[in-house]
file work39.csv (CSV, C-alpha atoms)
chain,number,residue,atom,x,y,z
D,1,MET,CA,0.0,0.0,0.0
D,2,ALA,CA,1.3,3.5,-0.8
D,3,ARG,CA,2.3,5.6,2.2
D,4,ILE,CA,-0.4,8.0,3.5
D,5,ALA,CA,1.2,11.1,4.8
D,6,ASP,CA,-0.1,12.6,8.1
D,7,GLY,CA,-0.9,16.2,7.0
D,8,PHE,CA,1.7,18.8,6.0
D,9,TRP,CA,4.2,17.7,8.5
D,10,GLY,CA,4.1,14.1,7.3
D,11,ALA,CA,4.3,15.0,3.6
D,12,VAL,CA,7.7,16.7,3.8
D,13,GLY,CA,10.6,14.7,2.4
D,14,GLU,CA,11.0,11.4,0.5
D,15,THR,CA,11.3,13.4,-2.7
D,16,PRO,CA,12.5,11.5,-5.8
D,17,LEU,CA,15.9,11.7,-7.4
D,18,ILE,CA,15.5,12.7,-11.1
D,19,ARG,CA,18.1,11.7,-13.7
D,20,LEU,CA,18.9,14.9,-15.6
D,21,ARG,CA,19.3,13.4,-19.1
D,22,ARG,CA,21.1,16.2,-21.0
D,23,ALA,CA,23.5,16.9,-18.2
D,24,SER,CA,24.2,13.2,-17.8
D,25,GLU,CA,24.7,12.6,-21.5
D,26,ALA,CA,27.0,15.7,-21.8
D,27,THR,CA,29.3,14.5,-19.1
D,28,GLY,CA,29.2,10.7,-19.3
D,29,CYS,CA,28.1,10.7,-15.6
D,30,GLU,CA,24.9,10.1,-13.8
D,31,ILE,CA,23.7,13.6,-12.7
D,32,LEU,CA,20.8,13.4,-10.4
D,33,GLY,CA,18.6,16.2,-9.0
D,34,LYS,CA,16.7,15.8,-5.7
D,35,ALA,CA,13.3,17.1,-6.5
D,36,GLU,CA,12.8,19.3,-3.4
D,37,PHE,CA,10.3,21.4,-5.3
D,38,MET,CA,7.9,18.5,-4.7
D,39,ASN,CA,7.7,19.2,-0.9
D,40,PRO,CA,4.2,20.5,0.1
D,41,GLY,CA,5.5,24.0,0.6
D,42,GLY,CA,7.3,23.9,-2.7
D,43,SER,CA,10.9,23.9,-1.7
D,44,VAL,CA,13.8,22.3,0.2
D,45,LYS,CA,13.2,24.8,3.0
D,46,ASP,CA,10.2,22.8,4.2
D,47,ARG,CA,12.8,20.4,5.8
D,48,ALA,CA,14.6,23.2,7.7
D,49,ALA,CA,11.2,24.6,8.8
D,50,LEU,CA,10.1,21.3,10.3
D,51,GLY,CA,13.5,20.7,11.9
D,52,ILE,CA,13.4,24.1,13.6
D,53,LEU,CA,9.8,23.9,14.7
D,54,LYS,CA,10.3,20.3,16.0
D,55,ALA,CA,13.2,21.5,18.1
D,56,ALA,CA,11.1,24.3,19.5
D,57,MET,CA,8.4,21.8,20.5
D,58,ASP,CA,11.0,19.6,22.1
D,59,GLN,CA,12.1,22.6,24.2
D,60,GLY,CA,8.5,23.3,25.2
D,61,LEU,CA,8.5,26.6,23.4
D,62,LEU,CA,5.6,25.6,21.1
D,63,VAL,CA,2.7,23.3,21.8
D,64,PRO,CA,0.4,21.9,19.1
D,65,GLY,CA,-3.0,23.4,19.3
D,66,GLN,CA,-2.0,26.1,21.8
D,67,PRO,CA,-1.3,29.8,20.9
D,68,GLY,CA,2.2,30.4,19.7
D,69,THR,CA,4.1,32.7,17.4
D,70,ILE,CA,7.2,32.1,15.3
D,71,VAL,CA,9.2,34.9,13.7
D,72,GLU,CA,11.7,34.4,11.0
D,73,GLY,CA,13.9,36.4,8.6
D,74,THR,CA,14.0,34.8,5.2
D,75,ALA,CA,14.5,35.2,1.5
D,76,GLY,CA,11.0,33.6,1.2
D,77,ASN,CA,11.1,29.9,1.1
D,78,THR,CA,11.8,29.1,4.7
D,79,GLY,CA,9.1,31.6,5.6
D,80,ILE,CA,6.7,29.7,3.4
D,81,GLY,CA,7.6,26.4,5.0
D,82,ILE,CA,7.3,27.9,8.5
D,83,ALA,CA,4.0,29.6,7.8
D,84,LEU,CA,2.3,26.5,6.4
D,85,ALA,CA,3.7,24.2,9.1
D,86,ALA,CA,2.5,26.8,11.7
D,87,ASN,CA,-0.9,26.9,10.2
D,88,ALA,CA,-1.2,23.1,10.6
D,89,MET,CA,-0.4,23.5,14.3
D,90,GLY,CA,-2.6,26.5,15.0
D,91,TRP,CA,0.4,28.9,15.4
D,92,ARG,CA,0.9,32.4,14.1
D,93,SER,CA,3.9,33.2,11.8
D,94,VAL,CA,5.6,36.6,11.3
D,95,ILE,CA,7.9,36.6,8.3
D,96,VAL,CA,10.5,39.3,7.7
D,97,VAL,CA,11.6,39.5,4.1
D,98,PRO,CA,13.9,41.9,2.1
D,99,GLU,CA,11.6,43.8,-0.2
D,100,THR,CA,13.9,43.0,-3.1
D,101,GLN,CA,12.7,39.3,-3.2
D,102,SER,CA,10.5,38.2,-6.0
D,103,ARG,CA,7.0,39.5,-6.1
D,104,GLU,CA,5.7,36.0,-6.4
D,105,LYS,CA,7.1,34.9,-3.0
D,106,LEU,CA,5.8,38.0,-1.3
D,107,ASP,CA,2.4,37.4,-2.7
D,108,TYR,CA,2.4,33.8,-1.7
D,109,LEU,CA,3.4,34.5,1.9
D,110,ARG,CA,0.4,36.9,2.1
D,111,MET,CA,-1.9,34.4,0.5
D,112,ILE,CA,-1.1,31.7,3.0
D,113,GLY,CA,-1.8,34.0,6.0
D,114,ALA,CA,1.7,34.9,7.1
D,115,ASP,CA,2.1,38.3,8.9
D,116,LEU,CA,4.5,39.6,6.3
D,117,ARG,CA,7.0,42.4,7.1
D,118,ALA,CA,8.8,43.4,3.9
D,119,ILE,CA,11.7,45.7,4.8
D,120,PRO,CA,14.5,47.5,2.8
D,121,ALA,CA,17.4,45.2,1.9
D,122,LYS,CA,20.5,46.0,3.9
D,123,PRO,CA,23.8,44.1,4.5
D,124,TYR,CA,24.3,41.8,7.4
D,125,SER,CA,26.6,44.4,9.1
D,126,ASP,CA,23.7,46.9,9.2
D,127,PRO,CA,21.3,46.6,12.3
D,128,GLY,CA,18.4,47.0,9.8
D,129,ASN,CA,19.3,43.7,8.0
D,130,TYR,CA,16.3,41.4,7.9
D,131,VAL,CA,18.0,38.8,10.2
D,132,HIS,CA,18.7,41.3,12.9
D,133,PHE,CA,15.2,42.9,12.5
D,134,SER,CA,13.5,39.5,12.9
D,135,LYS,CA,15.5,38.8,16.1
D,136,ARG,CA,14.4,42.1,17.6
D,137,LEU,CA,10.8,41.5,16.5
D,138,ALA,CA,10.7,38.1,18.1
D,139,GLU,CA,12.0,39.6,21.4
D,140,GLU,CA,9.4,42.4,21.3
D,141,LEU,CA,6.6,39.9,20.6
D,142,GLY,CA,7.8,37.3,23.1
D,143,ALA,CA,7.8,34.8,20.2
D,144,VAL,CA,10.1,32.0,19.1
D,145,TRP,CA,12.8,33.2,16.8
D,146,ALA,CA,13.5,30.5,14.2
D,147,ASN,CA,17.0,31.8,13.3
D,148,GLN,CA,17.5,29.4,10.4
D,149,PHE,CA,21.0,30.6,9.7
D,150,ASP,CA,22.5,29.7,13.1
D,151,ASN,CA,20.0,27.3,14.5
D,152,LEU,CA,21.7,23.9,14.1
D,153,ALA,CA,18.3,22.1,14.0
D,154,ASN,CA,18.3,23.2,10.4
D,155,ALA,CA,21.4,21.1,9.4
D,156,ARG,CA,20.3,18.3,11.7
D,157,ALA,CA,17.0,18.0,9.8
D,158,HIS,CA,19.0,17.4,6.6
D,159,GLU,CA,21.4,15.0,8.3
D,160,ALA,CA,18.4,12.9,9.5
D,161,THR,CA,16.4,13.0,6.2
D,162,THR,CA,17.9,14.4,3.0
D,163,GLY,CA,21.3,12.8,3.3
D,164,PRO,CA,20.0,9.3,4.2
D,165,GLU,CA,17.4,9.5,1.4
D,166,ILE,CA,20.1,10.3,-1.2
D,167,TRP,CA,22.2,7.4,0.1
D,168,ASN,CA,19.4,5.0,-0.1
D,169,GLN,CA,18.1,6.2,-3.4
D,170,THR,CA,21.5,5.8,-5.0
D,171,GLY,CA,22.2,2.5,-3.3
D,172,GLY,CA,25.3,4.1,-2.0
D,173,ARG,CA,26.6,4.7,-5.5
D,174,ILE,CA,27.4,8.4,-5.1
D,175,ASP,CA,30.7,10.1,-5.8
D,176,ALA,CA,29.9,13.8,-5.2
D,177,PHE,CA,27.3,16.1,-3.8
D,178,THR,CA,27.1,19.8,-4.6
D,179,CYS,CA,24.7,22.6,-3.8
D,180,ALA,CA,24.7,26.3,-3.1
D,181,CYS,CA,24.3,27.7,0.4
D,182,GLY,CA,22.1,30.3,2.0
D,183,THR,CA,22.1,29.0,5.6
D,184,GLY,CA,24.3,26.1,4.7
D,185,GLY,CA,21.9,23.7,6.4
D,186,THR,CA,21.4,21.5,3.4
D,187,LEU,CA,25.1,21.1,2.5
D,188,ALA,CA,26.2,20.6,6.1
D,189,GLY,CA,23.5,18.1,6.9
D,190,VAL,CA,23.9,16.1,3.7
D,191,ALA,CA,27.7,16.2,3.9
D,192,ARG,CA,27.6,14.8,7.4
D,193,ALA,CA,25.2,12.0,6.5
D,194,LEU,CA,27.1,11.0,3.4
D,195,LYS,CA,30.6,11.2,4.8
D,196,ALA,CA,29.6,9.0,7.6
D,197,LYS,CA,28.7,6.3,5.1
D,198,LYS,CA,31.4,7.0,2.5
D,199,PRO,CA,34.2,9.3,3.6
D,200,GLY,CA,35.5,9.7,0.1
D,201,VAL,CA,32.4,11.3,-1.3
D,202,ARG,CA,33.3,14.7,-2.6
D,203,ILE,CA,31.3,17.7,-1.2
D,204,VAL,CA,31.5,20.8,-3.3
D,205,LEU,CA,29.9,24.2,-2.4
D,206,ALA,CA,28.5,26.1,-5.3
D,207,ASP,CA,28.5,29.9,-5.0
D,208,PRO,CA,26.9,32.7,-7.0
D,209,GLY,CA,28.4,36.0,-7.9
D,210,GLY,CA,28.3,38.5,-5.0
D,211,SER,CA,28.9,35.8,-2.4
D,212,GLY,CA,32.0,35.3,-0.3
D,213,LEU,CA,31.6,31.6,0.6
D,214,LEU,CA,33.9,30.4,-2.2
D,215,ASP,CA,36.8,32.3,-0.7
D,216,TRP,CA,35.7,31.2,2.8
D,217,VAL,CA,36.0,27.6,1.8
D,218,LYS,CA,39.4,28.2,0.2
D,219,THR,CA,41.0,30.7,2.6
D,220,GLY,CA,38.8,30.9,5.7
D,221,THR,CA,37.9,34.5,5.0
D,222,PRO,CA,34.7,35.5,3.0
D,223,ARG,CA,35.4,37.9,0.1
D,224,ALA,CA,32.5,38.8,-2.2
D,225,GLU,CA,32.8,40.0,-5.8
D,226,GLY,CA,30.2,40.6,-8.5
D,227,ASN,CA,26.5,40.1,-8.1
D,228,SER,CA,23.7,37.7,-8.9
D,229,ILE,CA,20.0,37.7,-9.5
D,230,THR,CA,19.6,34.4,-7.6
D,231,GLU,CA,17.7,34.6,-4.3
D,232,GLY,CA,18.3,32.9,-1.0
D,233,ILE,CA,21.8,31.6,-1.7
D,234,GLY,CA,25.2,33.1,-1.1
D,235,GLN,CA,26.6,35.1,1.8
D,236,ALA,CA,28.7,38.2,1.3
D,237,ALA,CA,30.2,38.7,4.8
D,238,ARG,CA,30.0,35.5,6.9
D,239,ALA,CA,29.5,31.8,7.1
D,240,PRO,CA,26.3,31.1,9.0
D,241,GLY,CA,26.5,28.8,12.0
D,242,ASN,CA,25.0,25.8,10.1
D,243,LEU,CA,27.7,26.0,7.5
D,244,ALA,CA,30.6,27.0,9.7
D,245,GLN,CA,30.3,23.8,11.9
D,246,ALA,CA,30.8,21.7,8.7
D,247,ARG,CA,33.7,23.4,7.1
D,248,ASP,CA,36.0,20.4,7.5
D,249,LEU,CA,33.6,18.3,5.5
D,250,ILE,CA,33.7,20.6,2.4
D,251,ASP,CA,36.2,19.5,-0.2
D,252,ASP,CA,36.0,22.4,-2.7
D,253,ALA,CA,33.9,25.3,-3.9
D,254,ILE,CA,33.2,26.6,-7.4
D,255,ARG,CA,31.7,29.9,-8.7
D,256,ILE,CA,28.7,29.8,-11.1
D,257,GLU,CA,27.8,33.1,-12.7
D,258,ASP,CA,24.3,34.1,-13.8
D,259,PRO,CA,24.5,33.3,-17.6
D,260,GLU,CA,25.6,29.7,-16.8
D,261,MET,CA,22.8,29.4,-14.2
D,262,LEU,CA,20.2,30.7,-16.6
D,263,GLN,CA,21.3,28.4,-19.4
D,264,GLN,CA,20.5,25.4,-17.1
D,265,VAL,CA,17.1,26.9,-16.0
D,266,PHE,CA,16.0,27.4,-19.6
D,267,ASP,CA,17.5,24.1,-20.8
D,268,LEU,CA,15.8,22.0,-18.1
D,269,GLN,CA,12.4,23.6,-18.8
D,270,ALA,CA,12.6,23.5,-22.6
D,271,HIS,CA,14.1,20.0,-23.1
D,272,GLU,CA,13.3,18.0,-20.0
D,273,GLY,CA,10.0,19.5,-18.7
D,274,ILE,CA,11.6,20.4,-15.3
D,275,SER,CA,10.7,23.9,-14.2
D,276,VAL,CA,13.0,25.2,-11.5
D,277,GLY,CA,14.3,28.4,-10.0
D,278,GLY,CA,17.7,30.0,-10.1
D,279,SER,CA,19.3,28.2,-7.3
D,280,ALA,CA,18.5,24.9,-8.9
D,281,GLY,CA,19.9,26.1,-12.2
D,282,LEU,CA,23.1,27.1,-10.4
D,283,ASN,CA,23.2,23.7,-8.7
D,284,VAL,CA,22.9,21.8,-11.9
D,285,ALA,CA,25.6,23.9,-13.6
D,286,ALA,CA,27.8,23.1,-10.6
D,287,ALA,CA,27.0,19.4,-10.8
D,288,ILE,CA,28.1,19.4,-14.5
D,289,ARG,CA,31.4,21.1,-13.6
D,290,VAL,CA,32.0,18.6,-10.8
D,291,ALA,CA,31.1,15.7,-13.1
D,292,ARG,CA,33.6,16.9,-15.8
D,293,ASP,CA,36.3,17.2,-13.2
D,294,LEU,CA,35.7,13.6,-12.0
D,295,GLY,CA,35.4,12.1,-15.5
D,296,PRO,CA,32.9,9.7,-17.0
D,297,GLY,CA,31.3,7.0,-15.0
D,298,HIS,CA,30.7,8.8,-11.7
D,299,THR,CA,27.4,9.8,-10.0
D,300,VAL,CA,26.8,13.4,-8.9
D,301,VAL,CA,23.8,14.5,-6.9
D,302,THR,CA,22.5,18.0,-6.4
D,303,ILE,CA,19.4,19.8,-5.2
D,304,LEU,CA,16.5,21.1,-7.3
D,305,CYS,CA,15.5,23.6,-4.6
D,306,ASP,CA,12.2,25.1,-5.8
D,307,GLY,CA,10.1,25.7,-8.8
D,308,ALA,CA,10.4,28.5,-11.5
D,309,ALA,CA,6.9,29.9,-10.8
D,310,ARG,CA,8.2,31.8,-7.8
D,311,TYR,CA,10.6,33.8,-10.0
D,312,GLN,CA,8.5,34.4,-13.1
D,313,SER,CA,8.9,38.2,-12.8
D,314,LYS,CA,12.7,37.9,-12.8
D,315,LEU,CA,14.0,34.7,-14.5
D,316,PHE,CA,11.3,34.7,-17.2
D,317,ASN,CA,11.0,38.4,-17.7
D,318,PRO,CA,12.9,39.4,-20.9
D,319,GLY,CA,12.9,43.1,-19.9
D,320,PHE,CA,14.4,42.4,-16.4
D,321,LEU,CA,17.1,40.1,-18.0
D,322,ARG,CA,18.0,42.4,-20.8
D,323,GLU,CA,18.5,45.4,-18.4
D,324,ARG,CA,21.2,43.3,-16.8
D,325,GLY,CA,22.8,42.0,-20.0
D,326,LEU,CA,21.6,38.4,-19.3
D,327,PRO,CA,20.2,35.8,-21.8
D,328,THR,CA,16.5,35.5,-22.2
D,329,PRO,CA,14.3,32.4,-22.7
D,330,PRO,CA,14.1,31.9,-26.5
D,331,TRP,CA,10.4,31.2,-26.4
D,332,LEU,CA,9.6,34.5,-24.7
D,333,GLU,CA,11.7,36.8,-27.0
call {"tool": "encode", "arguments": {"input": "work39.csv", "output": "structure tokens"}}
result
Amino acid sequence: MARIADGFWGAVGETPLIRLRRASEATGCEILGKAEFMNPGGSVKDRAALGILKAAMDQGLLVPGQPGTIVEGTAGNTGIGIALAANAMGWRSVIVVPETQSREKLDYLRMIGADLRAIPAKPYSDPGNYVHFSKRLAEELGAVWANQFDNLANARAHEATTGPEIWNQTGGRIDAFTCACGTGGTLAGVARALKAKKPGVRIVLADPGGSGLLDWVKTGTPRAEGNSITEGIGQAARAPGNLAQARDLIDDAIRIEDPEMLQQVFDLQAHEGISVGGSAGLNVAAAIRVARDLGPGHTVVTILCDGAARYQSKLFNPGFLRERGLPTPPWLE
């Protein structure tokens, strides 16, 4: 009998691995994408949301069916996961988002009942940064602060679920795992789970322009250059706690610029029917690079973080892309 999930909380995880045909054929490797856009909240961040909320429940900070409030600062997807998971338990969610994030994510958060606070985008060093703002707001409201960047329940959720799923789905035949980092929870948790099973598996951090994590991996000091239209990935000035505690598990880092990311987003949609956002396109581009470095016959796994519909006004907006000198989807020109 097929598994019956117990509501939203029971439906998160157990997403399929999808063989990416064109990437696999181009490299002679098996390149597999974990279809995290199939989680009920539409992204990989559903896992972090549950991990953080379960930890709060274990600490007695939140009780199902009793009044409770969760505050989080997010690029959008973690906020969506928290809001939906909170709805299922009868809790209130207050979500702080930089106003530069895609209109689609802001609209979705409002639609699902989150108390949305869109604020000006400011660097982490500024007290007005959305992370600091959310912490102060949680204190003012007497609420739980999810703190996805430094709350290690985030990485533990991936260590307990995403990593073992990948290991089981590949039958242990995995040579490398790569993905970009926002909080670092996915990379850290998956790395810990896979390295425990196979110490030789290669863990590679993929980084967009404007992020300093590549230099952090290579030198220990973040140094940001350039910029990117991707959302929710990269860190300019620091390595979040979830990522920092796993630095010794990361074997390498590579930079993927926006044109290479967009090529994969458009290619996956036009030729394989897989519609994903920018972070997933970046991850696939990174997986192709890693596969070419390893040579034919290897298996590389990455994360398909979320769907393209949340970025229609950016990734699939020819005017937006042309203003930035970026390629446009051929079918929309």
call {"tool": "atom_distance", "arguments": {"input": "work39.csv", "atom1": "CA of Lys54 (chain D)", "atom2": "CA of Leu213 (chain D)"}}
result
28.6 Å
call {"tool": "closest_residue", "arguments": {"input": "work39.csv", "among": "D:Cys179, D:Val131, D:Ala309, D:Ala55", "to": "Ala285 (chain D)", "atoms": "only C-alpha atoms"}}
result
D:Cys179
call {"tool": "residues_around", "arguments": {"input": "work39.csv", "residues": "Ala236 (chain D)", "least_positions_apart": "3", "cutoff": "12 Å", "atoms": "only C-alpha atoms", "output": "VMD selection string"}}
result
chain D and resid 122 to 125 181 to 182 207 to 216 221 to 228 232 to 233 239 to 240
call {"tool": "residues_around", "arguments": {"input": "work39.csv", "residues": "Lys198 (chain D)", "least_positions_apart": "3", "cutoff": "9 Å", "atoms": "only C-alpha atoms", "output": "PyMOL selection string"}}
result
chain D and resi 172+174-175+193-195+201
call {"tool": "closest_atom_pairs", "arguments": {"input": "work39.csv", "of": "region 41-70 of chain D", "to": "region 147-169 of chain D", "cutoff": "8 Å", "atoms": "only C-alpha atoms", "output": "Markdown table"}}
result
| residue | atom | partner | partner_atom | distance |
| --- | --- | --- | --- | --- |
| D:Arg47 | CA | D:Ala157 | CA | 6.3 |
| D:Ala48 | CA | D:Asn154 | CA | 4.6 |
| D:Ala49 | CA | D:Asn154 | CA | 7.4 |
| D:Leu50 | CA | D:Ala157 | CA | 7.7 |
| D:Gly51 | CA | D:Ala157 | CA | 4.9 |
| D:Ile52 | CA | D:Ala153 | CA | 5.3 |
| D:Ala55 | CA | D:Ala153 | CA | 6.6 |
call {"tool": "residues_around", "arguments": {"input": "work39.csv", "residues": "region 251-266 of chain D", "least_positions_apart": "2", "cutoff": "7 Å", "atoms": "all atoms listed in the file", "output": "ChimeraX atom specification"}}
result
/D:202-209,214,217,228,249,268-270,276-278,281-282,284-286,326-327,329
call {"tool": "atom_distance", "arguments": {"input": "work39.csv", "atom1": "CA of Asp126 (chain D)", "atom2": "CA of Thr183 (chain D)"}}
result
18.3 Å
call {"tool": "atom_distance", "arguments": {"input": "work39.csv", "atom1": "CA of Ser313 (chain D)", "atom2": "CA of Glu333 (chain D)"}}
result
14.5 Å
call {"tool": "closest_residue", "arguments": {"input": "work39.csv", "among": "D:Ile119, D:Ile31, D:Met111, D:Ile303", "to": "Val96 (chain D)", "atoms": "all atoms listed in the file"}}
result
D:Ile119
call {"tool": "residues_around", "arguments": {"input": "work39.csv", "residues": "Tyr311 (chain D)", "least_positions_apart": "4", "cutoff": "7 Å", "atoms": "all atoms listed in the file", "output": "PyMOL selection string"}}
result
chain D and resi 102+104+277+315
call {"tool": "closest_residue", "arguments": {"input": "work39.csv", "among": "D:Gly7, D:Gly68, D:Pro98, D:Pro120", "to": "Ala138 (chain D)", "atoms": "all atoms listed in the file"}}
result
D:Gly68
call {"tool": "closest_residue", "arguments": {"input": "work39.csv", "among": "D:Glu140, D:Ile80, D:Leu20, D:Gly128", "to": "Gly273 (chain D)", "atoms": "only C-alpha atoms"}}
result
D:Leu20
call {"tool": "closest_residue", "arguments": {"input": "work39.csv", "among": "D:Gln235, D:Asn77, D:Thr178, D:Thr230", "to": "Ile288 (chain D)", "atoms": "only C-alpha atoms"}}
result
D:Thr178
call {"tool": "closest_residue", "arguments": {"input": "work39.csv", "among": "D:Ser93, D:Ser275, D:Thr74, D:Thr219", "to": "Lys105 (chain D)", "atoms": "only C-alpha atoms"}}
result
D:Thr74
call {"tool": "residues_near_point", "arguments": {"input": "work39.csv", "point": "(32.8, 23.1, 8.8)", "cutoff": "10 Å", "atoms": "all atoms listed in the file", "output": "list in words"}}
result
Gly184, Ala188, Ala191, Arg192, Val217, Ala239, Gly241, Asn242, Leu243, Ala244, Gln245, Ala246, Arg247, Asp248, Leu249 and Ile250 of chain D
call {"tool": "residues_around", "arguments": {"input": "work39.csv", "residues": "Val301 (chain D)", "least_positions_apart": "2", "cutoff": "7 Å", "atoms": "all atoms listed in the file", "output": "PyMOL selection string"}}
result
chain D and resi 31-33+176-178+299
